[in-house]
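Presented below is the structure to which this report refers.
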Number of protein chains: 4
Amino acid sequence: MNNSFGSLFRITTFGESHGAALGVIVDGVPAGIHIDPQFIQQELDRRKPGQSAVSTQRKEADCGEILSGVFQGVSTGTPIAILLRNGDHHSADYSNVAELFRPGHADYTFQKKYDIRDYRGGGRSSGRETAARVAAGAIAKLFLKENGISIKACTSQIGKIKAVPPPYNWENVEQNIVRSADMDAAEKMALAIKEAQAKKDSIGGAIYGEISGLPVGLGEPVFDKLDALLAHAFMSIGGVKGIEIGDGFEVAEKLGSENNDQMNVNGFLTNHAGGILGGMSNGNTVTFRLAVKPTPSIASVQKSVNIRGEEVDVEITGRHDPCLVPRIVPIAEAMAALVIADLLLRNRASKK
Amino acid sequence: MNNSFGSLFRITTFGESHGAALGVIVDGVPAGIHIDPQFIQQELDRRKPGQSAVSTQRKEADCGEILSGVFQGVSTGTPIAILLRNGDHHSADYSNVAELFRPGHADYTFQKKYDIRDYRGGGRSSGRETAARVAAGAIAKLFLKENGISIKACTSQIGKIKAVPPPYNWENVEQNIVRSADMDAAEKMALAIKEAQAKKDSIGGAIYGEISGLPVGLGEPVFDKLDALLAHAFMSIGGVKGIEIGDGFEVAEKLGSENNDQMNVNGFLTNHAGGILGGMSNGNTVTFRLAVKPTPSIASVQKSVNIRGEEVDVEITGRHDPCLVPRIVPIAEAMAALVIADLLLRNRASKK
Amino acid sequence: MNNSFGSLFRITTFGESHGAALGVIVDGVPAGIHIDPQFIQQELDRRKPGQSAVSTQRKEADCGEILSGVFQGVSTGTPIAILLRNGDHHSADYSNVAELFRPGHADYTFQKKYDIRDYRGGGRSSGRETAARVAAGAIAKLFLKENGISIKACTSQIGKIKAVPPPYNWENVEQNIVRSADMDAAEKMALAIKEAQAKKDSIGGAIYGEISGLPVGLGEPVFDKLDALLAHAFMSIGGVKGIEIGDGFEVAEKLGSENNDQMNVNGFLTNHAGGILGGMSNGNTVTFRLAVKPTPSIASVQKSVNIRGEEVDVEITGRHDPCLVPRIVPIAEAMAALVIADLLLRNRASKK
Amino acid sequence: MNNSFGSLFRITTFGESHGAALGVIVDGVPAGIHIDPQFIQQELDRRKPGQSAVSTQRKEADCGEILSGVFQGVSTGTPIAILLRNGDHHSADYSNVAELFRPGHADYTFQKKYDIRDYRGGGRSSGRETAARVAAGAIAKLFLKENGISIKACTSQIGKIKAVPPPYNWENVEQNIVRSADMDAAEKMALAIKEAQAKKDSIGGAIYGEISGLPVGLGEPVFDKLDALLAHAFMSIGGVKGIEIGDGFEVAEKLGSENNDQMNVNGFLTNHAGGILGGMSNGNTVTFRLAVKPTPSIASVQKSVNIRGEEVDVEITGRHDPCLVPRIVPIAEAMAALVIADLLLRNRASKK
């Protein structure tokens with residue numbers, strides 16, 4: 001319940017940052033999908049720490065081992081489990097935070113909810129938890145690829161630096177360390193991150209993404225609308241504080257005549273709706289935008305309290321990403337892929 | 001699956017705009033809650049059409065009849081069903097749209113998904129569907145009230161008119177026809193709606209809301225985070241295109257030192273996080289903001305296609321809300337109440 | 001959760017025996033199924049009280065009203081709600097049991113679980129609850145019929161009277177008041193019921209059923225095996241105390257060489273397995289047998305305690321079925337239909 | 001969906017007999033439960049092959065490694081994953097069955113459902129799958145133990161040899177190789193198994209079990225009745241073909257006056273109901289009985305067809321249990337424990 005996502009294409013994840021391992025069971029993968037372990041590893045590598053000058057210098061191998069559900073290179077219809085052993089344990093880095101509640105972190109809420117928490121590296125609330133999502137998302141992407149569907153995301157903003165608006169040359173994204181599709185903005189974004197880091201601080205940003213190749217009618221009309229499930233999926237990523245579909249908050253200022261996407265025989269004339277009408281895909285590209293908060297772990301002094309209710313000064317001295325955005329890009333793609341894979345299967349039950 | 005929402009406190013709704021009735025089964029209401037039918041009716045009245053000069057002139061009685069689950073004024077632990085008979089059938093208003101796809105509506109996607117649709121008044125995709133949510137939300141609110149939790153929302157923006165920022169005098173909200181907490185802005189907002197309507201057009205807006213009285217630790221840490229479930233709930237309301245928690249998209253421009261909520265012995269010094277840390281309530285007020293698109297039904301001429309793929313001109317001549325925002329306010333509250341009621345019950349299983 | 005059954009083809013029921021109404025929402029019915037209200041009513045009539053000399057003389061109209069989800073005679077893919085108004089309220093019949101726990105009934109357990117119960121006619125634990133299941137099962141049967149699948153059940157035993165073993169002439173079943181496929185046994189069964197009733201007592205029995213026309217591979221291999229879901233469904237019917245699939249308890253005495261169903265090019269040579277291998281249908285007829293306890297409501301004196309813990313003598317004087325079996329026959333069919341309809345939809349997701 | 005069981009205390013399993021590993025994620029374990037790895041291993045050892053002269057001589061270490069969810073010996077509220085690496089791969093033992101459908105096995109149904117199957121050792125349909133259930137069940141038992149609830153099962157019948165009826169000295173069960181509570185019958189049962197094996201055959205049997213220490217009111221009144229969930233759980237174990245609660249099929253022959261459990265101030269005078277009334281525990285011991293078919297893998301010649309539809313003769317020559325019953329005893333306990341743990345948590349939501 002708590003650690004599962006999806007209905008028919010359903011994942012269940014486990015694992016703490018500094019426990020033995022983390023992993024995922026992907027249940028409901030239809031039989032007959034070609035499962036490419038190299039692609040899964042590539043996706044894990046996009047998320048892993050230590051990739052560049054603007055990400056944490058922590059090194060984690062993040063090798064995904066497929067334990068089940070694949071036979072002769074193909075999915076068998078049984079659950080696919082993927083294991084990610086934890087290595088590089090610097091528990092010592094965290095011993096100083098065992099008894100205190102780091103500002104902006106889940107330490108306080110975990111402690112109050114469960115009366116116990118695995119404080120090593122954030123435990124279950126560590127960003128490391130998302131590695132399991134990316135592994136599962138890679139399997140979803142393989143399924144979607146066989147259905148002609150692709151999902152792409154990129155960094156659209158870091159601090160005050162914004163990328164030019166879409167359309168984008170998506171091949172740029174992996175050509176710069178911040179994962180922007182705008183190569184000029186990318187340089188400035190990288191600079192902004194380094195400046196924040198130099199000041200013992202961190203910086204926020206935004207992500208833009210597109211889902212293309214969807215059939216018309218994906219999504220369930222009332223509660224499990226396509227956009228509702230995407231919002232659930234994205235908002236479940238730590239650090240995401242805002243979500244927009246299509247024109248998002250701009251619609252608040254618009255008139256109906258400006259916002260409606262009219263049609264002719266070739267389809268929709270505009271795409272203000274971001275590809276979704278009444279909670280179902282309308283055949284246009286689905287577009288979304290996510291707000292990502294600055295990393296809460298910063299090296300400058302902050303006020304907090306400890307587990308005994310005493311006031312303390314906190315300096316987070318471990319190796320942390322000064323900006324979460326570039327690493328959240330593949331996680332957002334993974335979550336979107338899981339939503340679409342699930343709805344694609346659910347859609348098979350819509351007609352007699 | 002499709003028409004249910006929630007896990008332990010779980011609703012299932014049914015009903016088309018012009019069918020015999022719509023309604024809801026609220027399952028998982030704990031035994032012993034005082035169920036006040038008048039409060040349920042008040043909530044339904046807040047949502048019903050024909051309330052004011054800025055809402056549709058369609059009259060619907062929206063009388064909720066409790067069919068089960070209440071004995072001697074108290075919930076018994078069995079499912080509470082509420083029935084809302086449809087009246088005021090002006091099917092003729094819709095006969096002209098039976099074969100065409102109205103811009104901004106779900107006509108096209110419904111037809112493609114199911115190969116059939118009940119076109120009368122939008123059928124299942126009518127905003128009327130939300131009456132069932134409001135009835136269920138009223139029961140959730142009664143449960144929350146006994147737990148000291150309250151949920152309030154208001155109109156924060158119509159077109160370019162924005163209310164002053166919070167804190168608000170919440171008693172203002174029901175004192176003006178647009179449901180703004182800012183009485184001065186309310187007048188201008190009403191004017192903006194009337195202007196749009198006069199131009200055979202409609203207008204968008206935004207909603208701001210607060211959830212207060214939450215215990216610390218509500219929400220499930222990974223996929224069913226409090227904010228993720230709220231995002232799911234809000235985005236499942238037709239017309240909502242954007243969601244923010246706490247500072248929302250503003251975090252993209254901020255530094256960690258600006259965004260982290262530091263603590264002292266009295267609690268958090270700020271509330272940028274909007275009351276949620278690691279997906280769990282932190283004891284602060286939960287704050288959210290929603291973007292609502294302009295009503296897609298407008299009387300001016302629009303281009304579209306019909307069910308046979310031919311291009312047509314469309315003029316929507318029925319009685320429609322020129323702005324959805326004031327009526328979505330109680331719906332947003334209802335959805336938030338359902339999320340909180342569910343998490344409150346789920347939280348009972350967190351410790352031994 | 002509590003009052004829902006099924007995964008994709010999913011029902012949610014509500015209603016107490018002496019409340020305003022009971023009913024069901026059938027969610028997940030694929031669009032395009034012809035919905036025949038007369039068939040639904042026929043099925044309800046098979047379950048309703050007052051049908052014959054061996055059932056209760058209580059009269060309940062049990063008219064099912066379809067409230068949603070059907071347009072122009074066809075399912076639209078939206079939830080189908082069916083309402084059954086309660087009539088014939090003789091609450092006075094039950095006032096004497098308001099404070100005591102009737103032996104064999106759920107009075108005691110309901111009171112302890114919820115601290116409150118609607119004691120009128122058994123409230124939610126009344127057999128009347130199953131009317132909603134039968135209405136939903138009728139819709140499932142209509143879906144299954146379009147897929148060439150049929151479900152039949154009959155009374156195979158009343159007290160010590162047993163019907164001859166299958167194969168049966170199924171047309172006999174509705175030709176006698178006990179619903180046996182063996183016309184000779186039927187007479188003796190009816191006599192046994194009348195004898196029990198004359199002694200202010202009641203009597204138990206057994207049901208045999210068959211599901212035919214299934215494709216190979218229905219059922220999910222591990223936890224949601226076809227037989228596991230059937231067992232869940234049947235055991236959820238009040239009064240059922242035992243379930244057998246295929247040879248059932250006879251397998252305990254058998255050798256593997258006797259029990260295995262060998263194959264040749266024409267299929268299986270025997271059907272000891274009752275049509276299920278590894279939890280999946282194997283193309284043979286699925287066979288099941290259910291044990292049904294004697295009606296707990298009997299007119300003779302029994303010892304019990306009341307709500308204050310005092311010992312009392314109980315005589316149940318209302319109008320009750322002296323034997324539940326004939327009326328459970330259509331309920332068992334309905335539950336089987338719901339299981340198969342659900343698995344049929346789930347099976348659509350098994351291959352790429 | 002397919003490979004998960006439970007609602008709040010929920011397990012998800014994975015793994016094929018001859019893949020890299022199998023395992024389980026136990027989600028919803030409340031924080032604060034003492035997790036004893038030795039107890040988990042003991043339970044796994046009770047299920048493992050190669051224990052005695054009457055079980056398969058295959059050796060499997062079945063070492064359970066806890067990967068997450070436990071910190072300082074205590075559950076943290078996060079998912080507990082347990083990994084069981086596969087060893088002792090004699091894939092060669094199975095190569096001869098790769099293309100044929102073994103009688104009584106899931107080979108045929110798997111192939112038809114998915115168009116592909118991992119035929120090595122039965123793949124996902126191997127009894128080995130149940131090791132994950134036993135590991136999860138051990139965690140459930142640790143939770144139940146802290147709530148004063150215990151679950152015991154034993155072999156009550158092998159072929160024509162039946163144990164004396166309960167009450168039992170439960171300490172006998174692990175003192176004989178067939179796991180009977182009746183030491184005299186145990187010897188004869190062991191002999192019956194050896195005789196079957198000597199004839200290249202296998203033999204069926206039955207299991208009896210008790211759940212004691214339950215509070216009154218466990219179970220959800222309509223579809224998720226305690227007995228319905230137990231039936232689901234037990235019938236999901238490969239080889240189980242019949243289930244009885246309390247007096248089971250004996251009720252078919254009884255009168256209401258014989259079957260009702262009357263009460264006085266000390267509680268129920270009898271326990272025909274097997275501790276369950278209206279689907280909820282009544283405070284008495286819950287009793288159940290399961291029919292287990294003879295092992296389908298037998299060494300004598302059987303007729304079957306292969307994957308190309310050709311008729312073949314089959315001799316199953318691997319190392320197989322001549323009787324499944326003794327090894328299913330701990331599996332049945334595990335499944336019962338999972339049901340009870342789940343209902344115990346769900347019950348927390350029943351009152352305000």
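Labeling convention for the structure tokens: chains A, B, ... as they appear, residues from 1 per chain, ligands from 1 in order of appearance.
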
Report as a PyMOL selection string all protein, DNA and RNA residues lying within 6 Å of Ala334 of chain A, evaluated on only C-alpha atoms, omitting residues in the same chain fewer than 3 positions from it.
chain A and resi 134+137+331+337

Within 6 Å of chain B: residues of chain C, using only C-alpha atoms, as a short mmCIF file (atom, residue, chain, number, x, y, z; two decimals) with all heavy atoms, in the first residue's frame:
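Final output, saved to iface.cif:
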```cif
data_model
loop_
_atom_site.label_atom_id
_atom_site.label_comp_id
_atom_site.auth_asym_id
_atom_site.auth_seq_id
_atom_site.Cartn_x
_atom_site.Cartn_y
_atom_site.Cartn_z
N PHE C 14 -23.94 -1.55 -0.69
CA PHE C 14 -24.32 -0.86 0.54
C PHE C 14 -25.71 -1.33 0.93
O PHE C 14 -26.43 -1.91 0.12
CB PHE C 14 -24.33 0.66 0.32
CG PHE C 14 -25.41 1.12 -0.62
CD1 PHE C 14 -26.69 1.45 -0.16
CD2 PHE C 14 -25.19 1.21 -1.98
CE1 PHE C 14 -27.69 1.86 -1.02
CE2 PHE C 14 -26.18 1.62 -2.86
CZ PHE C 14 -27.44 1.94 -2.38
N GLY C 15 -26.10 -1.03 2.14
CA GLY C 15 -27.49 -1.20 2.51
C GLY C 15 -27.75 -2.14 3.65
O GLY C 15 -27.16 -3.21 3.74
N GLY C 19 -33.09 -0.42 6.26
CA GLY C 19 -32.82 0.97 5.94
C GLY C 19 -33.64 1.38 4.73
O GLY C 19 -34.56 0.68 4.30
N ALA C 20 -33.28 2.52 4.14
CA ALA C 20 -34.06 3.04 3.02
C ALA C 20 -33.91 2.17 1.78
O ALA C 20 -34.86 1.95 1.03
CB ALA C 20 -33.61 4.47 2.71
N ALA C 21 -32.72 1.66 1.55
CA ALA C 21 -32.47 0.93 0.31
C ALA C 21 -31.16 0.19 0.43
O ALA C 21 -30.35 0.44 1.33
CB ALA C 21 -32.38 1.91 -0.86
N ALA C 31 -17.37 -0.99 -22.05
CA ALA C 31 -18.39 -0.36 -22.88
C ALA C 31 -18.83 -1.32 -23.97
O ALA C 31 -18.04 -2.11 -24.48
CB ALA C 31 -17.83 0.92 -23.50
N LEU C 67 -29.51 3.13 -12.34
CA LEU C 67 -29.41 4.59 -12.18
C LEU C 67 -28.40 5.24 -13.11
O LEU C 67 -28.42 6.45 -13.28
CB LEU C 67 -29.02 4.94 -10.73
CG LEU C 67 -29.97 4.50 -9.61
CD1 LEU C 67 -29.37 4.87 -8.26
CD2 LEU C 67 -31.34 5.14 -9.78
N SER C 68 -27.50 4.46 -13.68
CA SER C 68 -26.40 5.07 -14.42
C SER C 68 -25.67 4.03 -15.26
O SER C 68 -25.88 2.83 -15.11
CB SER C 68 -25.39 5.70 -13.45
OG SER C 68 -24.80 4.67 -12.66
N PRO C 79 -19.64 3.64 -14.40
CA PRO C 79 -20.20 2.72 -13.40
C PRO C 79 -21.72 2.56 -13.51
O PRO C 79 -22.43 3.54 -13.70
CB PRO C 79 -19.81 3.36 -12.07
CG PRO C 79 -19.42 4.75 -12.37
CD PRO C 79 -18.96 4.78 -13.78
N TYR C 114 -18.10 -2.78 16.45
CA TYR C 114 -18.42 -1.37 16.18
C TYR C 114 -19.01 -0.62 17.39
O TYR C 114 -19.24 0.58 17.31
CB TYR C 114 -19.42 -1.30 15.02
CG TYR C 114 -18.86 -1.82 13.72
CD1 TYR C 114 -19.34 -2.99 13.15
CD2 TYR C 114 -17.84 -1.14 13.06
CE1 TYR C 114 -18.84 -3.48 11.95
CE2 TYR C 114 -17.33 -1.62 11.86
CZ TYR C 114 -17.84 -2.79 11.31
OH TYR C 114 -17.33 -3.25 10.14
#
```

Between atom CA of Ala192 of chain C and atom CA of Arg133 of chain C, what distance in Å does the model show, to one decimal?
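Separating atom CA of Ala192 of chain C from atom CA of Arg133 of chain C is a distance of 28.4 Å.
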
Please provide the set of residues having any atom within 12 Å of Leu191 of chain C, restricted to only C-alpha atoms, with same-chain residues fewer than 3 positions apart removed, written as a list in words.
Ala53, Val54, Ile158, Gly159, Lys160, Ile161, Ile177, Val178, Asp184, Ala185, Ala186, Glu187, Lys188, Lys194, Glu195, Ala196, Gln197, Ala198, Ile203, Pro322 and Cys323 of chain C
